[in-house]
Structure formats: structure tokens, C-alpha cells
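See below for the structure under consideration.
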Amino acid sequence: MANTVNGQQYSKAEHKVKSGMILFSATMLILVVLVGFLSNYNSLLALHTARDMAQGDVKELLEQQAEEATALAEKLTQVAPLETDSANVLKAAAARAQAVYEAAKQTDSEIPFTEFIKTDEEMNAALNAFKDVVDKYENIKESEEYKNIYDEQAGTLAYLTSVRGDYNAVIKSYNTKIKLFPSNIISNIMEFEPWDEYPEIGK
């Protein structure tokens, strides 16, 4: 027995096969779209995780830098008592930075990352001013103890510069991805907003 469609005759079996093929094609299309959606969504979440890890690295290094800055300031006070004011400026910057870190550890509310960036900028300015003062004292620069602290601080700063770069690389990848198809569809649905890059420090 045959059915007539648009002037052509199809058996029930043929009709069933064609219906099955259409259903299969539609199912595959839905699966492809779903897999693509999940893949792009997961990659955006991965960038969120990468940003959080980079922020954690920055915070850890900034706290270490503040501790080393305090040690440098104390050493200056011992070797050059007349430069107490310069040492106190650095100590104050380090103390403000450490206060932010302690607050972040003790409170349930999230401290905005911009607060850590502010401490980074202030510490950088204080350290640069401090080093200008130290350059006037050969006896300080030749001190083995001072050299050890200074080298540790220089190493921390180099690592911090690298981590800032890693952080900005994640930010750039994320900001690009949420603008490109098909990730832009997901970012609009999930209301993912662009992220701010880490500002250049000491430029």
C-alpha cells in the first residue's frame, strides 16, 4: 500500500525511514549545539578559575613584598638613623598593605581586588623612593645583611612582575572570548562582563 505526497508515491516503510532520518538529523543538530554551548561555557569558567588563581598568586607575593619592605626599612633605621623618615614611609606603606591582607583573611566578605592593586602601587612608589635614599649610603649597600634582604625583595618583585603579566594574559583571553561567536551568545545569556586589566606599575 502506498501514500501519495506531492504527486509521488511512498510506501509506509519509506515514509517511516525518511521520518526517522529527519528526527535523527534534528537530534544530532541539537547535540552539536548543546556540546558547543557546554564547551564554550566550560572554557569561560576555566578562565574564571585561571583569573582567581592569578589573583591568589599576586596577593601572596604582595604580602611577601610587604614583609621584605619592612625588613629593609628596619635595616635602614639601624644603619642610617638620620633617614628614619624615609624608613617610616616604607614601613607605613607595608603596614597598610598587610592590613588589607589580614582583613582579607579574617572577614567573610570578599575584599575587592582593586584594594590589592592600590597597595601594589603604593608599595612600588615607596620602594622606589626608599632605594633613592639608600643609593646615597655605600655602607648600607655593602652590608651583607642588607644585600640578602634586597636580593630577596628583587626576586619577589621580578616574580610579581611575571605574575601580573600572567594575570593580564588571562584577562585578555577572557575579554576576547566573550566578544567572539558563539561565546558571545553565552556571555550575554549568563551576563558575563568584561574584566579590567592589571595596571602598569611604576610606569
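By convention in this document, the chains of the C-alpha cells carry letters A, B, ... by their order, each chain's residues are numbered from 1, and ligands are numbered from 1 in the order they are shown.
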
Hey, what's within 8 Å of segment 74-81 of chain A if we count only C-alpha atoms and toss same-chain stuff fewer than 6 positions away? As a list of chain:residue names, please? A:Ala87, A:Val134, A:Asn139, A:Ile140, A:Tyr146

If you keep N, CA and C atoms, can you produce a file of those selected residues as an mmCIF file, in the first residue's frame?
```
data_model
loop_
_atom_site.group_PDB
_atom_site.id
_atom_site.type_symbol
_atom_site.label_atom_id
_atom_site.label_comp_id
_atom_site.auth_asym_id
_atom_site.auth_seq_id
_atom_site.Cartn_x
_atom_site.Cartn_y
_atom_site.Cartn_z
ATOM 1 N N ALA A 87 62.492 55.623 56.152
ATOM 2 C CA ALA A 87 62.166 54.263 56.590
ATOM 3 C C ALA A 87 60.714 54.169 57.029
ATOM 4 N N VAL A 134 68.740 55.012 49.762
ATOM 5 C CA VAL A 134 69.802 54.040 50.049
ATOM 6 C C VAL A 134 71.012 54.251 49.142
ATOM 7 N N ASN A 139 77.759 52.361 52.730
ATOM 8 C CA ASN A 139 77.883 51.401 53.841
ATOM 9 C C ASN A 139 76.646 50.498 53.951
ATOM 10 N N ILE A 140 75.479 51.034 53.545
ATOM 11 C CA ILE A 140 74.261 50.221 53.574
ATOM 12 C C ILE A 140 74.283 49.213 52.431
ATOM 13 N N TYR A 146 71.935 43.563 54.402
ATOM 14 C CA TYR A 146 71.067 44.363 53.537
ATOM 15 C C TYR A 146 70.992 43.760 52.137
#
```

Selection near Gly165 of chain A, 12 Å with only C-alpha atoms, sequence-local residues under 2 positions removed, as JSON, numbers by chain: {"A": [51, 54, 55, 57, 58, 158, 159, 160, 161, 162, 163, 167, 168, 169, 170, 171, 172, 197, 198, 199, 200, 201]}

In Å, rounded to a single decimal, give me how far atom CA of His48 of chain A is from atom CA of Asp166 of chain A. 13.4 Å

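With atom CA of Glu142 of chain A on one side and atom CA of Asp120 of chain A on the other, the separation reads 27.6 Å.
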
Using only C-alpha atoms, pick whichever of A:Asn40, A:Pro194, A:Ile111, A:Leu127 has the shortest atom-to-atom distance to Tyr150 of chain A. A:Leu127

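Nearest to Tyr41 of chain A of all the residues A:Asp196, A:Arg164, A:Ile178, A:Met123 is A:Ile178, based on only C-alpha atoms.
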
Give me the residues within 7 Å of segment 95-97 of chain A as a count of residues only, counting only C-alpha atoms and dropping any in the same chain fewer than 4 places off. 4

From a DSSP calculation on the backbone, collect every residue of chain A in strand (DSSP E or B) and output the set as a PDB file with C-alpha atoms, in the first residue's frame.
```
ATOM      1  CA  ALA A   2       1.366   3.465  -0.853  1.00  0.00           C
ATOM      2  CA  ASN A   3       0.730   7.073   0.160  1.00  0.00           C
ATOM      3  CA  THR A   4       0.715   9.929  -2.355  1.00  0.00           C
ATOM      4  CA  VAL A   5       2.689  13.047  -1.420  1.00  0.00           C
ATOM      5  CA  GLN A   8       4.802  10.859  -5.666  1.00  0.00           C
ATOM      6  CA  GLN A   9       4.006   7.572  -4.045  1.00  0.00           C
ATOM      7  CA  TYR A  10       5.780   6.409  -0.906  1.00  0.00           C
ATOM      8  CA  SER A  11       5.272   3.172   0.913  1.00  0.00           C
TER       9      SER A  11
END
```

From the list A:Ala94, A:Ala125, A:Val133, A:Leu47, which residue is nearest Ser173 of chain A when using only C-alpha atoms? A:Leu47

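Residue-level DSSP output for segment 126-155 of chain A, from the backbone, shows helix (DSSP H, G or I) at Ala126, Leu127, Asn128, Ala129, Phe130, Lys131, Asp132, Val133, Val134, Glu138, Asn139, Ile140, Lys141, Glu144, Glu145, Tyr146, Lys147, Asn148, Ile149, Tyr150, Asp151, Glu152, Gln153, Ala154 and Gly155 of chain A.
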
Could those selected residues go to a file with N, CA, C and O atoms, as an mmCIF file, in the first residue's frame?
```cif
data_model
loop_
_atom_site.group_PDB
_atom_site.id
_atom_site.type_symbol
_atom_site.label_atom_id
_atom_site.label_comp_id
_atom_site.auth_asym_id
_atom_site.auth_seq_id
_atom_site.Cartn_x
_atom_site.Cartn_y
_atom_site.Cartn_z
ATOM 1 N N ALA A 126 56.782 53.670 47.266
ATOM 2 C CA ALA A 126 57.574 53.771 48.494
ATOM 3 C C ALA A 126 58.931 53.093 48.334
ATOM 4 O O ALA A 126 59.952 53.601 48.799
ATOM 5 N N LEU A 127 58.962 51.942 47.684
ATOM 6 C CA LEU A 127 60.225 51.226 47.478
ATOM 7 C C LEU A 127 61.167 52.010 46.575
ATOM 8 O O LEU A 127 62.381 52.057 46.823
ATOM 9 N N ASN A 128 60.622 52.631 45.535
ATOM 10 C CA ASN A 128 61.469 53.418 44.621
ATOM 11 C C ASN A 128 62.079 54.612 45.351
ATOM 12 O O ASN A 128 63.272 54.922 45.181
ATOM 13 N N ALA A 129 61.270 55.292 46.167
ATOM 14 C CA ALA A 129 61.778 56.430 46.944
ATOM 15 C C ALA A 129 62.820 55.962 47.954
ATOM 16 O O ALA A 129 63.844 56.618 48.165
ATOM 17 N N PHE A 130 62.571 54.812 48.564
ATOM 18 C CA PHE A 130 63.488 54.234 49.537
ATOM 19 C C PHE A 130 64.837 53.921 48.897
ATOM 20 O O PHE A 130 65.894 54.223 49.456
ATOM 21 N N LYS A 131 64.804 53.327 47.712
ATOM 22 C CA LYS A 131 66.052 52.945 47.032
ATOM 23 C C LYS A 131 66.865 54.175 46.631
ATOM 24 O O LYS A 131 68.096 54.140 46.622
ATOM 25 N N ASP A 132 66.176 55.263 46.319
ATOM 26 C CA ASP A 132 66.882 56.511 46.009
ATOM 27 C C ASP A 132 67.664 56.999 47.225
ATOM 28 O O ASP A 132 68.780 57.533 47.100
ATOM 29 N N VAL A 133 67.081 56.826 48.393
ATOM 30 C CA VAL A 133 67.756 57.227 49.638
ATOM 31 C C VAL A 133 68.955 56.327 49.908
ATOM 32 O O VAL A 133 70.060 56.785 50.228
ATOM 33 N N VAL A 134 68.740 55.012 49.762
ATOM 34 C CA VAL A 134 69.802 54.040 50.049
ATOM 35 C C VAL A 134 71.012 54.251 49.142
ATOM 36 O O VAL A 134 72.158 54.028 49.563
ATOM 37 N N GLU A 138 76.835 54.133 50.825
ATOM 38 C CA GLU A 138 77.608 52.971 50.377
ATOM 39 C C GLU A 138 77.694 51.906 51.479
ATOM 40 O O GLU A 138 77.696 50.715 51.203
ATOM 41 N N ASN A 139 77.759 52.361 52.730
ATOM 42 C CA ASN A 139 77.883 51.401 53.841
ATOM 43 C C ASN A 139 76.646 50.498 53.951
ATOM 44 O O ASN A 139 76.731 49.356 54.386
ATOM 45 N N ILE A 140 75.479 51.034 53.545
ATOM 46 C CA ILE A 140 74.261 50.221 53.574
ATOM 47 C C ILE A 140 74.283 49.213 52.431
ATOM 48 O O ILE A 140 74.017 48.024 52.626
ATOM 49 N N LYS A 141 74.618 49.695 51.244
ATOM 50 C CA LYS A 141 74.614 48.810 50.076
ATOM 51 C C LYS A 141 75.648 47.700 50.179
ATOM 52 O O LYS A 141 75.493 46.641 49.583
ATOM 53 N N GLU A 144 76.185 42.984 54.074
ATOM 54 C CA GLU A 144 75.779 41.648 53.610
ATOM 55 C C GLU A 144 74.325 41.357 53.964
ATOM 56 O O GLU A 144 73.579 40.781 53.164
ATOM 57 N N GLU A 145 73.932 41.771 55.155
ATOM 58 C CA GLU A 145 72.553 41.539 55.591
ATOM 59 C C GLU A 145 71.574 42.298 54.702
ATOM 60 O O GLU A 145 70.545 41.768 54.281
ATOM 61 N N TYR A 146 71.935 43.563 54.402
ATOM 62 C CA TYR A 146 71.067 44.363 53.537
ATOM 63 C C TYR A 146 70.992 43.760 52.137
ATOM 64 O O TYR A 146 69.921 43.690 51.534
ATOM 65 N N LYS A 147 72.147 43.324 51.621
ATOM 66 C CA LYS A 147 72.171 42.722 50.288
ATOM 67 C C LYS A 147 71.248 41.508 50.206
ATOM 68 O O LYS A 147 70.529 41.324 49.216
ATOM 69 N N ASN A 148 71.260 40.687 51.253
ATOM 70 C CA ASN A 148 70.419 39.490 51.257
ATOM 71 C C ASN A 148 68.941 39.850 51.222
ATOM 72 O O ASN A 148 68.160 39.264 50.455
ATOM 73 N N ILE A 149 68.565 40.833 52.036
ATOM 74 C CA ILE A 149 67.166 41.270 52.055
ATOM 75 C C ILE A 149 66.794 41.900 50.714
ATOM 76 O O ILE A 149 65.721 41.639 50.150
ATOM 77 N N TYR A 150 67.713 42.740 50.191
ATOM 78 C CA TYR A 150 67.456 43.422 48.920
ATOM 79 C C TYR A 150 67.302 42.408 47.786
ATOM 80 O O TYR A 150 66.413 42.544 46.932
ATOM 81 N N ASP A 151 68.162 41.397 47.768
ATOM 82 C CA ASP A 151 68.089 40.381 46.705
ATOM 83 C C ASP A 151 66.770 39.599 46.784
ATOM 84 O O ASP A 151 66.171 39.267 45.756
ATOM 85 N N GLU A 152 66.335 39.310 48.010
ATOM 86 C CA GLU A 152 65.052 38.624 48.178
ATOM 87 C C GLU A 152 63.917 39.492 47.639
ATOM 88 O O GLU A 152 63.018 39.015 46.942
ATOM 89 N N GLN A 153 63.986 40.786 47.973
ATOM 90 C CA GLN A 153 62.941 41.703 47.525
ATOM 91 C C GLN A 153 62.959 41.848 46.002
ATOM 92 O O GLN A 153 61.910 41.892 45.359
ATOM 93 N N ALA A 154 64.161 41.895 45.419
ATOM 94 C CA ALA A 154 64.276 41.999 43.962
ATOM 95 C C ALA A 154 63.710 40.747 43.286
ATOM 96 O O ALA A 154 63.039 40.829 42.240
ATOM 97 N N GLY A 155 63.965 39.585 43.882
ATOM 98 C CA GLY A 155 63.427 38.344 43.341
ATOM 99 C C GLY A 155 61.911 38.306 43.416
ATOM 100 O O GLY A 155 61.231 37.874 42.467
#
```

Within 8 Å of Phe116 of chain A using only C-alpha atoms, minus same-chain residues under 5 positions, as number ranges by chain: A: 59, 62, 97, 100

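Coordinates place atom CA of Glu121 of chain A at a distance of 16.2 Å from atom CA of Thr70 of chain A.
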
Residues at most 12 Å from Phe192 of chain A, counting only C-alpha atoms, excluding those fewer than 2 positions away in the same chain, as an MDAnalysis selection string? chainID A and resid 41 44:45 47:48 174:175 177:179 183:190 194:195

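When only C-alpha atoms are used to compute distances to Gln65 of chain A, the closest of the residues A:Asp135, A:Glu193, A:Asp52, A:Glu122 turns out to be A:Glu122.
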